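The data block below is input29.cif; it holds mmCIF, C-alpha atoms.
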```
data_structure
#
loop_
_atom_site.label_atom_id
_atom_site.label_comp_id
_atom_site.auth_asym_id
_atom_site.auth_seq_id
_atom_site.Cartn_x
_atom_site.Cartn_y
_atom_site.Cartn_z
CA MET A 30 114.77 -174.29 18.85
CA PHE A 31 115.40 -177.66 20.50
CA LEU A 32 118.28 -179.70 19.05
CA VAL A 33 117.95 -183.48 19.25
CA PRO A 34 121.13 -185.08 20.66
CA ALA A 35 123.13 -187.14 18.17
CA THR A 36 123.05 -190.12 20.56
CA ALA A 37 119.26 -190.08 20.47
CA GLU A 38 119.24 -189.87 16.67
CA ARG A 39 121.50 -192.96 16.45
CA ALA A 40 119.34 -194.85 18.92
CA ALA A 41 116.20 -194.00 16.97
CA LYS A 42 117.70 -195.27 13.74
CA ASN A 43 118.94 -198.69 14.81
CA GLY A 44 119.08 -199.00 18.60
CA PRO A 45 117.36 -201.84 20.48
CA LEU A 46 113.70 -201.39 21.43
CA PHE A 47 112.73 -201.81 25.09
CA VAL A 48 108.96 -202.29 25.02
CA VAL A 49 106.98 -201.67 28.20
CA LEU A 50 103.89 -203.76 27.59
CA ASN A 51 100.61 -203.39 29.47
CA SER A 52 99.06 -206.84 29.23
CA ALA A 53 95.73 -205.54 30.56
CA SER A 54 95.20 -202.67 28.09
CA GLY A 55 92.56 -202.66 25.35
CA HIS A 56 90.48 -205.61 24.18
CA LYS A 57 92.94 -207.79 22.28
CA ASN A 58 94.72 -210.86 23.58
CA SER A 59 98.04 -209.64 24.97
CA ASP A 60 99.95 -212.81 23.97
CA GLU A 61 98.79 -212.47 20.36
CA GLU A 62 99.64 -208.76 20.40
CA ARG A 63 103.11 -209.45 21.71
CA GLN A 64 103.69 -212.11 19.06
CA VAL A 65 102.70 -209.69 16.30
CA LEU A 66 105.21 -207.14 17.59
CA ALA A 67 107.93 -209.77 17.94
CA ASP A 68 107.37 -210.96 14.37
CA VAL A 69 107.65 -207.46 12.93
CA PHE A 70 110.81 -206.58 14.88
CA SER A 71 112.47 -209.96 14.26
CA ASN A 72 111.77 -209.91 10.52
CA ALA A 73 113.37 -206.48 10.32
CA GLY A 74 116.44 -207.61 12.26
CA ARG A 75 115.83 -205.07 15.04
CA ALA A 76 116.87 -206.04 18.57
CA PHE A 77 114.08 -205.79 21.14
CA GLU A 78 113.08 -206.77 24.65
CA PHE A 79 109.63 -206.90 26.26
CA LEU A 80 109.23 -205.62 29.82
CA GLN A 81 105.71 -206.68 30.74
CA PHE A 82 103.47 -205.80 33.66
CA ASP A 83 99.85 -206.57 34.54
CA ASN A 84 99.60 -204.57 37.79
CA PRO A 85 99.47 -200.77 37.40
CA ALA A 86 101.39 -200.44 40.66
CA ASN A 87 104.47 -201.86 38.91
CA ILE A 88 104.51 -199.64 35.85
CA SER A 89 106.86 -196.99 37.30
CA SER A 90 109.54 -199.52 38.26
CA VAL A 91 109.25 -201.36 34.94
CA SER A 92 109.47 -198.06 33.02
CA ALA A 93 112.51 -196.99 35.02
CA LYS A 94 114.20 -200.31 34.16
CA ALA A 95 113.45 -199.74 30.47
CA VAL A 96 115.02 -196.28 30.62
CA THR A 97 118.16 -197.63 32.33
CA LEU A 98 118.53 -200.32 29.68
CA ALA A 99 118.00 -197.83 26.85
CA GLN A 100 120.61 -195.47 28.30
CA GLU A 101 123.14 -198.27 28.75
CA LYS A 102 122.62 -199.82 25.31
CA GLY A 103 121.73 -196.81 23.19
CA GLY A 104 118.14 -197.82 22.64
CA VAL A 105 114.55 -196.64 22.46
CA VAL A 106 111.93 -196.89 25.21
CA VAL A 107 108.57 -197.93 23.78
CA ALA A 108 105.17 -197.78 25.52
CA ALA A 109 102.58 -200.34 24.38
CA GLY A 110 99.15 -199.59 25.84
CA GLY A 111 96.49 -196.94 26.30
CA ASP A 112 96.87 -193.27 27.22
CA GLY A 113 97.43 -194.11 30.91
CA THR A 114 100.28 -196.51 30.13
CA ILE A 115 101.81 -194.10 27.63
CA ASN A 116 101.66 -191.33 30.25
CA ALA A 117 103.44 -193.41 32.89
CA VAL A 118 106.23 -194.53 30.57
CA ALA A 119 106.63 -191.00 29.18
CA ALA A 120 107.11 -189.67 32.72
CA ALA A 121 110.06 -192.03 33.15
CA VAL A 122 111.53 -191.18 29.73
CA LEU A 123 111.23 -187.39 29.99
CA ARG A 124 114.63 -185.75 30.58
CA SER A 125 116.40 -189.13 30.15
CA GLY A 126 117.70 -188.31 26.66
CA CYS A 127 116.13 -191.50 25.28
CA PRO A 128 113.84 -191.62 22.23
CA PHE A 129 110.25 -192.57 23.03
CA GLY A 130 108.11 -194.84 20.87
CA VAL A 131 104.38 -195.56 21.12
CA LEU A 132 102.37 -198.65 20.16
CA PRO A 133 98.73 -197.69 20.92
CA GLN A 134 96.54 -200.43 22.40
CA GLY A 135 93.87 -198.60 24.42
CA THR A 136 90.41 -197.22 23.69
CA PHE A 137 90.85 -193.53 22.92
CA ASN A 138 94.57 -193.30 22.03
CA TYR A 139 94.49 -189.51 21.69
CA PHE A 140 98.25 -189.16 21.96
CA GLY A 141 99.01 -191.76 19.30
CA ARG A 142 96.29 -190.56 16.95
CA ALA A 143 97.34 -186.91 17.25
CA ASN A 144 100.85 -187.91 16.20
CA ALA A 145 99.71 -190.00 13.19
CA ILE A 146 100.73 -193.32 14.76
CA PRO A 147 98.73 -196.25 13.33
CA GLN A 148 96.24 -197.91 15.69
CA ASP A 149 96.79 -201.41 14.29
CA ALA A 150 99.57 -203.24 16.16
CA ARG A 151 101.38 -204.56 13.10
CA ALA A 152 101.22 -201.23 11.27
CA ALA A 153 102.36 -199.32 14.37
CA ALA A 154 105.32 -201.66 14.89
CA ALA A 155 106.35 -201.37 11.24
CA ALA A 156 106.02 -197.58 11.40
CA LEU A 157 108.20 -197.47 14.53
CA LEU A 158 111.07 -199.11 12.63
CA GLY A 159 111.23 -196.25 10.13
CA ALA A 160 110.30 -193.45 12.52
CA SER A 161 112.39 -190.38 13.35
CA ILE A 162 112.46 -188.11 16.37
CA SER A 163 110.07 -185.16 16.61
CA PRO A 164 110.15 -183.25 19.94
CA VAL A 165 106.65 -182.85 21.44
CA THR A 166 105.35 -180.66 24.26
CA VAL A 167 104.74 -182.20 27.66
CA GLY A 168 102.45 -180.71 30.29
CA GLU A 169 103.08 -180.95 34.03
CA VAL A 170 100.98 -180.26 37.11
CA ASN A 171 102.96 -180.14 40.36
CA GLY A 172 105.58 -182.25 38.62
CA ARG A 173 103.19 -184.90 37.32
CA VAL A 174 103.29 -185.39 33.54
CA PHE A 175 100.30 -185.20 31.22
CA LEU A 176 100.33 -185.68 27.46
CA VAL A 177 96.61 -185.33 26.73
CA ASN A 178 94.89 -183.41 29.53
CA ALA A 179 94.72 -182.58 33.22
CA SER A 180 91.68 -181.45 35.18
CA LEU A 181 90.08 -180.84 38.56
CA GLY A 182 86.54 -180.57 39.82
CA LEU A 183 83.70 -182.18 37.91
CA TYR A 184 85.78 -183.73 35.12
CA PRO A 185 87.78 -186.11 37.37
CA GLN A 186 84.49 -187.20 38.94
CA LEU A 187 83.12 -187.90 35.47
CA LEU A 188 86.15 -190.13 34.82
CA GLU A 189 85.76 -192.01 38.11
CA ASP A 190 82.07 -192.62 37.58
CA ARG A 191 82.55 -193.61 33.95
CA GLU A 192 85.07 -196.27 34.95
CA ALA A 193 82.70 -197.63 37.61
CA TRP A 194 79.86 -197.82 35.06
CA LYS A 195 82.11 -199.55 32.54
CA GLN A 196 83.06 -202.16 35.11
CA GLN A 197 79.36 -202.86 35.68
CA PHE A 198 77.81 -202.37 32.23
CA GLY A 199 80.68 -202.74 29.76
CA ARG A 200 82.59 -200.34 27.52
CA SER A 201 80.55 -198.33 25.04
CA ARG A 202 79.84 -194.71 24.14
CA LEU A 203 76.27 -195.12 25.41
CA VAL A 204 77.48 -196.28 28.81
CA ALA A 205 79.96 -193.40 28.96
CA PHE A 206 77.27 -190.86 28.08
CA ALA A 207 74.80 -192.32 30.60
CA SER A 208 77.40 -192.24 33.37
CA GLY A 209 78.10 -188.60 32.49
CA LEU A 210 74.43 -187.73 32.88
CA ALA A 211 74.34 -189.44 36.27
CA THR A 212 77.46 -187.60 37.45
CA ILE A 213 76.11 -184.21 36.42
CA PHE A 214 72.75 -184.90 38.05
CA LYS A 215 74.39 -185.40 41.44
CA ALA A 216 77.03 -182.65 40.99
CA ARG A 217 77.16 -180.12 43.79
CA GLY A 218 79.16 -177.00 44.54
CA GLN A 219 81.73 -174.85 42.77
CA LEU A 220 85.48 -174.60 43.04
CA LYS A 221 86.70 -171.23 44.32
CA LEU A 222 89.96 -170.58 42.52
CA GLU A 223 92.54 -167.85 42.27
CA ILE A 224 94.30 -168.15 38.93
CA GLU A 225 97.67 -166.49 38.34
CA MET A 226 98.78 -166.23 34.72
CA ALA A 227 101.27 -163.85 33.07
CA GLY A 228 101.60 -161.85 36.26
CA GLN A 229 97.85 -161.29 36.73
CA THR A 230 95.61 -162.93 39.34
CA THR A 231 91.91 -163.56 38.73
CA ALA A 232 89.24 -165.00 41.03
CA LEU A 233 87.20 -167.76 39.41
CA ARG A 234 84.24 -169.91 40.45
CA THR A 235 83.77 -173.01 38.32
CA PRO A 236 82.54 -176.60 38.61
CA THR A 237 85.59 -177.78 36.65
CA LEU A 238 88.91 -176.64 35.20
CA PHE A 239 90.27 -178.56 32.21
CA ILE A 240 93.79 -178.19 30.80
CA GLY A 241 94.32 -179.58 27.30
CA ASN A 242 97.57 -180.68 25.66
CA ASN A 243 96.15 -182.51 22.64
CA HIS A 244 94.87 -180.62 19.59
CA LEU A 245 92.87 -183.62 18.39
CA GLN A 246 90.82 -183.93 21.58
CA LEU A 247 90.21 -180.17 21.70
CA ALA A 248 89.05 -180.17 18.09
CA GLN A 249 86.73 -183.14 18.64
CA VAL A 250 84.81 -181.45 21.46
CA GLY A 251 84.61 -178.23 19.45
CA ILE A 252 87.01 -175.93 21.27
CA HIS A 253 87.89 -173.05 18.97
CA ALA A 254 90.76 -173.70 16.57
CA VAL A 255 92.88 -170.92 18.07
CA TYR A 256 93.38 -172.97 21.24
CA ALA A 257 94.07 -176.19 19.36
CA ASP A 258 96.66 -174.24 17.37
CA ALA A 259 98.14 -172.93 20.62
CA VAL A 260 98.79 -176.53 21.67
CA ASN A 261 100.60 -177.10 18.37
CA ARG A 262 102.76 -174.05 19.19
CA GLY A 263 103.87 -175.58 22.48
CA GLU A 264 101.33 -173.98 24.83
CA LEU A 265 98.56 -175.50 26.95
CA ALA A 266 94.85 -174.72 26.61
CA GLY A 267 92.70 -173.93 29.64
CA ILE A 268 88.93 -174.39 29.70
CA ALA A 269 86.76 -173.27 32.61
CA VAL A 270 83.00 -173.68 32.95
CA ARG A 271 81.22 -170.67 34.44
CA PRO A 272 78.88 -171.27 37.42
CA ILE A 273 75.69 -172.78 35.97
CA GLY A 274 72.83 -175.03 36.96
CA THR A 275 72.34 -178.72 36.37
CA LEU A 276 70.25 -178.28 33.21
CA ALA A 277 72.92 -176.11 31.60
CA LEU A 278 75.57 -178.70 32.51
CA PHE A 279 73.52 -181.33 30.67
CA GLY A 280 73.58 -179.03 27.67
CA LEU A 281 77.37 -178.68 27.84
CA LEU A 282 77.77 -182.45 27.96
CA ALA A 283 75.62 -182.81 24.86
CA ARG A 284 77.60 -180.08 23.05
CA GLY A 285 80.84 -181.87 23.88
CA VAL A 286 79.50 -185.12 22.44
CA ILE A 287 78.56 -183.48 19.13
CA GLY A 288 81.72 -181.34 18.94
CA ARG A 289 80.13 -177.94 19.63
CA LEU A 290 81.51 -177.13 23.09
CA GLY A 291 83.31 -174.02 21.86
CA ASP A 292 80.00 -172.42 20.85
CA ALA A 293 78.61 -172.54 24.39
CA ASP A 294 78.06 -169.29 26.30
CA HIS A 295 79.22 -170.76 29.62
CA ILE A 296 82.79 -171.60 28.59
CA ASP A 297 85.96 -169.53 29.06
CA SER A 298 89.02 -170.63 27.08
CA PHE A 299 92.61 -169.39 27.18
CA SER A 300 96.16 -170.55 26.39
CA PHE A 301 99.30 -170.34 28.51
CA ARG A 302 102.71 -171.79 29.33
CA LYS A 303 102.40 -171.54 33.12
CA LEU A 304 99.30 -171.28 35.30
CA LYS A 305 99.17 -171.22 39.11
CA VAL A 306 95.88 -172.22 40.73
CA ALA A 307 95.24 -171.49 44.42
CA MET A 308 92.11 -172.88 46.07
CA ARG A 309 90.04 -171.58 48.94
CA GLY A 310 89.09 -174.05 51.65
CA LYS A 311 90.89 -177.03 50.08
CA ARG A 312 93.83 -178.84 51.65
CA ARG A 313 93.93 -181.36 48.84
CA VAL A 314 92.06 -181.94 45.60
CA LYS A 315 91.52 -184.71 43.06
CA VAL A 316 93.44 -184.08 39.85
CA ALA A 317 93.08 -186.23 36.74
CA THR A 318 96.06 -186.57 34.39
CA ASP A 319 95.48 -188.54 31.18
CA GLY A 320 92.63 -190.41 32.87
CA GLU A 321 94.52 -191.31 36.06
CA ILE A 322 93.30 -189.67 39.27
CA THR A 323 95.53 -188.60 42.17
CA TRP A 324 95.23 -186.32 45.20
CA MET A 325 97.35 -183.15 45.17
CA LYS A 326 97.95 -180.30 47.57
CA PRO A 327 97.20 -176.79 46.29
CA PRO A 328 98.46 -174.56 44.90
CA LEU A 329 98.51 -176.39 41.59
CA VAL A 330 101.04 -175.29 38.99
CA PHE A 331 100.22 -176.28 35.41
CA GLN A 332 103.06 -175.64 33.00
CA VAL A 333 104.89 -176.70 29.88
CA ALA A 334 107.78 -178.99 30.85
CA ASP A 335 111.26 -177.53 30.44
CA THR A 336 112.22 -180.21 27.92
CA PRO A 337 110.21 -181.94 25.20
CA LEU A 338 109.61 -185.64 24.76
CA LEU A 339 111.75 -187.17 21.99
CA LEU A 340 108.85 -188.88 20.27
CA MET A 341 109.37 -191.38 17.45
CA VAL A 342 107.02 -190.15 14.70
CA PRO A 343 106.30 -192.31 11.62
CA ALA A 344 107.77 -191.44 8.24
CA PRO A 345 105.27 -189.74 5.90
CA ALA A 346 104.49 -192.99 4.06
CA ASP A 347 103.69 -194.77 7.34
CA ARG A 348 101.56 -192.09 8.98
CA ALA A 349 97.93 -192.74 9.81
CA GLU A 350 95.31 -190.13 9.09
CA VAL A 351 94.84 -187.82 12.07
CA ALA A 352 91.16 -188.29 12.96
#
```

structure tokens encoding of this file:
Amino acid sequence: MFLVPATAERAAKNGPLFVVLNSASGHKNSDEERQVLADVFSNAGRAFEFLQFDNPANISSVSAKAVTLAQEKGGVVVAAGGDGTINAVAAAVLRSGCPFGVLPQGTFNYFGRANAIPQDARAAAAALLGASISPVTVGEVNGRVFLVNASLGLYPQLLEDREAWKQQFGRSRLVAFASGLATIFKARGQLKLEIEMAGQTTALRTPTLFIGNNHLQLAQVGIHAVYADAVNRGELAGIAVRPIGTLALFGLLARGVIGRLGDADHIDSFSFRKLKVAMRGKRRVKVATDGEITWMKPPLVFQVADTPLLLMVPAPADRAEVA
């Protein structure tokens, strides 16, 4: 059982808040959002500092500065933004010994929602003031952190195409679904993988491999409860699509939308703490982690991080419904 350091407990209770703020995340005016947060923290007499960025290239350096300040002053590092921002700040906080707070501002907010953090800025800020530390599992692939999911193959391409469609046609579920149809229509080829898990190696051909670390997202697409429960136990969930044609892929997309993916015949699901994936004929591969896409060199090692994230979770009275 993981024991939370006493220094982190003290910081969580009354330490200063160092808020890494993504001014480009979500749909709300960032100045208004920042003022709301400032009002809540000031009225409660809690010290705080905003560390703002508007260029994703700067988020790592800004997050590192927030961690240094929190370590020096016994404070909390807070990420204000969508899943991508939360991921980047969490990567800097992990293993630092600092508590980690979240103020969700993005579109999906799977991490915040799964941990009962309110989606409204004022409510989330108020909940942060009375929150306590609850260690949560972090996934890693070749050292890169993911809180929600990681994937390779077709799924990263779906994310890339969806973002391009949103830039052109706007953000909506209809646009996202249409872009998914277009991606599947032009999908070609299968990944040839060798998967090593629990001392056994298995050959696998699949258009995509998806690793889940968020019980809410798994439940929404209809993956069987046993794998969502495995995530709650500190494991990761793996989902592989068997080799199928384009028409069957369309069917899987539709099942995912209506939350029935786990009933499909072409899906293999499993849970694990460490998974090594070797690839035939690939010197590098696109890997998506919490919606951000990077190139990695195989083999890929997906695993539970050796230390949890010291997440600030709202008190029972402040928790939002997990949905």

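With only C-alpha atoms as the atoms that count, the residue of A:Gly44, A:Gly310, A:Gly241, A:Pro337 with the shortest distance to Val260 of chain A is A:Gly241.
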
inquiry  = For the provided coordinates, the residues matched by the PyMOL selection byres ((chain A and resi 59-69) around 12) should be stated as a ChimeraX atom specification.
reply    = /A:46-58,70-83,107,109-110,132-135,149-158

Would you list the residues near (105.0, -186.4, 29.9) (no more than 6 Å away, in the coordinates of the file, using all atoms listed in the file) as a tab-separated table (two decimals) with C-alpha atoms, keeping the file's coordinate frame?
```tsv
chain	number	residue	atom	x	y	z
A	116	ASN	CA	101.66	-191.33	30.25
A	119	ALA	CA	106.63	-191.00	29.18
A	120	ALA	CA	107.11	-189.67	32.72
A	167	VAL	CA	104.74	-182.20	27.66
A	174	VAL	CA	103.29	-185.39	33.54
A	175	PHE	CA	100.30	-185.20	31.22
A	176	LEU	CA	100.33	-185.68	27.46
```

Edge lengths and centre, in Å to one decimal, as JSON: that's what I need for the box along x, y and z that holds all listed atoms of segment 84-93 of chain A plus 5 Å on each side.
```
{"center_x": 106.0, "center_y": -200.8, "center_z": 36.8, "size_x": 23.0, "size_y": 17.6, "size_z": 17.6}
```

key: Distance criterion (only C-alpha atoms): nearest to Pro147 of chain A out of A:Val342, A:Asn171, A:Arg124, A:Thr323   = A:Val342

Can you complete the atoms of segment 63-76 of chain A to N, CA, C and O atoms and list them as a short mmCIF file (atom, residue, chain, number, x, y, z; two decimals), in the frame of the given file?
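Full text of out.cif as output:
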```cif
data_model
loop_
_atom_site.label_atom_id
_atom_site.label_comp_id
_atom_site.auth_asym_id
_atom_site.auth_seq_id
_atom_site.Cartn_x
_atom_site.Cartn_y
_atom_site.Cartn_z
N ARG A 63 101.67 -209.39 21.53
CA ARG A 63 103.11 -209.45 21.71
C ARG A 63 103.78 -210.25 20.59
O ARG A 63 104.86 -209.88 20.11
N GLN A 64 103.13 -211.30 20.15
CA GLN A 64 103.69 -212.11 19.06
C GLN A 64 103.75 -211.33 17.76
O GLN A 64 104.71 -211.44 16.99
N VAL A 65 102.71 -210.54 17.50
CA VAL A 65 102.70 -209.69 16.30
C VAL A 65 103.89 -208.73 16.33
O VAL A 65 104.61 -208.58 15.33
N LEU A 66 104.10 -208.09 17.47
CA LEU A 66 105.21 -207.14 17.59
C LEU A 66 106.55 -207.86 17.41
O LEU A 66 107.44 -207.37 16.71
N ALA A 67 106.68 -209.02 18.04
CA ALA A 67 107.93 -209.77 17.94
C ALA A 67 108.22 -210.17 16.50
O ALA A 67 109.37 -210.10 16.04
N ASP A 68 107.19 -210.57 15.77
CA ASP A 68 107.37 -210.96 14.37
C ASP A 68 107.87 -209.79 13.53
O ASP A 68 108.80 -209.94 12.72
N VAL A 69 107.26 -208.63 13.72
CA VAL A 69 107.65 -207.46 12.93
C VAL A 69 109.10 -207.07 13.23
O VAL A 69 109.90 -206.83 12.31
N PHE A 70 109.45 -207.00 14.51
CA PHE A 70 110.81 -206.58 14.88
C PHE A 70 111.85 -207.62 14.44
O PHE A 70 112.92 -207.26 13.94
N SER A 71 111.53 -208.90 14.63
CA SER A 71 112.47 -209.96 14.26
C SER A 71 112.71 -209.99 12.76
O SER A 71 113.86 -210.13 12.29
N ASN A 72 111.65 -209.88 11.98
CA ASN A 72 111.77 -209.91 10.52
C ASN A 72 112.60 -208.74 9.99
O ASN A 72 113.22 -208.85 8.92
N ALA A 73 112.60 -207.65 10.74
CA ALA A 73 113.37 -206.48 10.32
C ALA A 73 114.79 -206.51 10.86
O ALA A 73 115.60 -205.62 10.56
N GLY A 74 115.10 -207.51 11.69
CA GLY A 74 116.44 -207.61 12.26
C GLY A 74 116.72 -206.59 13.35
O GLY A 74 117.89 -206.27 13.62
N ARG A 75 115.68 -206.08 13.98
CA ARG A 75 115.83 -205.07 15.04
C ARG A 75 115.82 -205.74 16.41
O ARG A 75 114.89 -206.51 16.72
N ALA A 76 116.82 -205.48 17.22
CA ALA A 76 116.87 -206.04 18.57
C ALA A 76 115.75 -205.45 19.42
O ALA A 76 115.42 -204.25 19.30
#
```
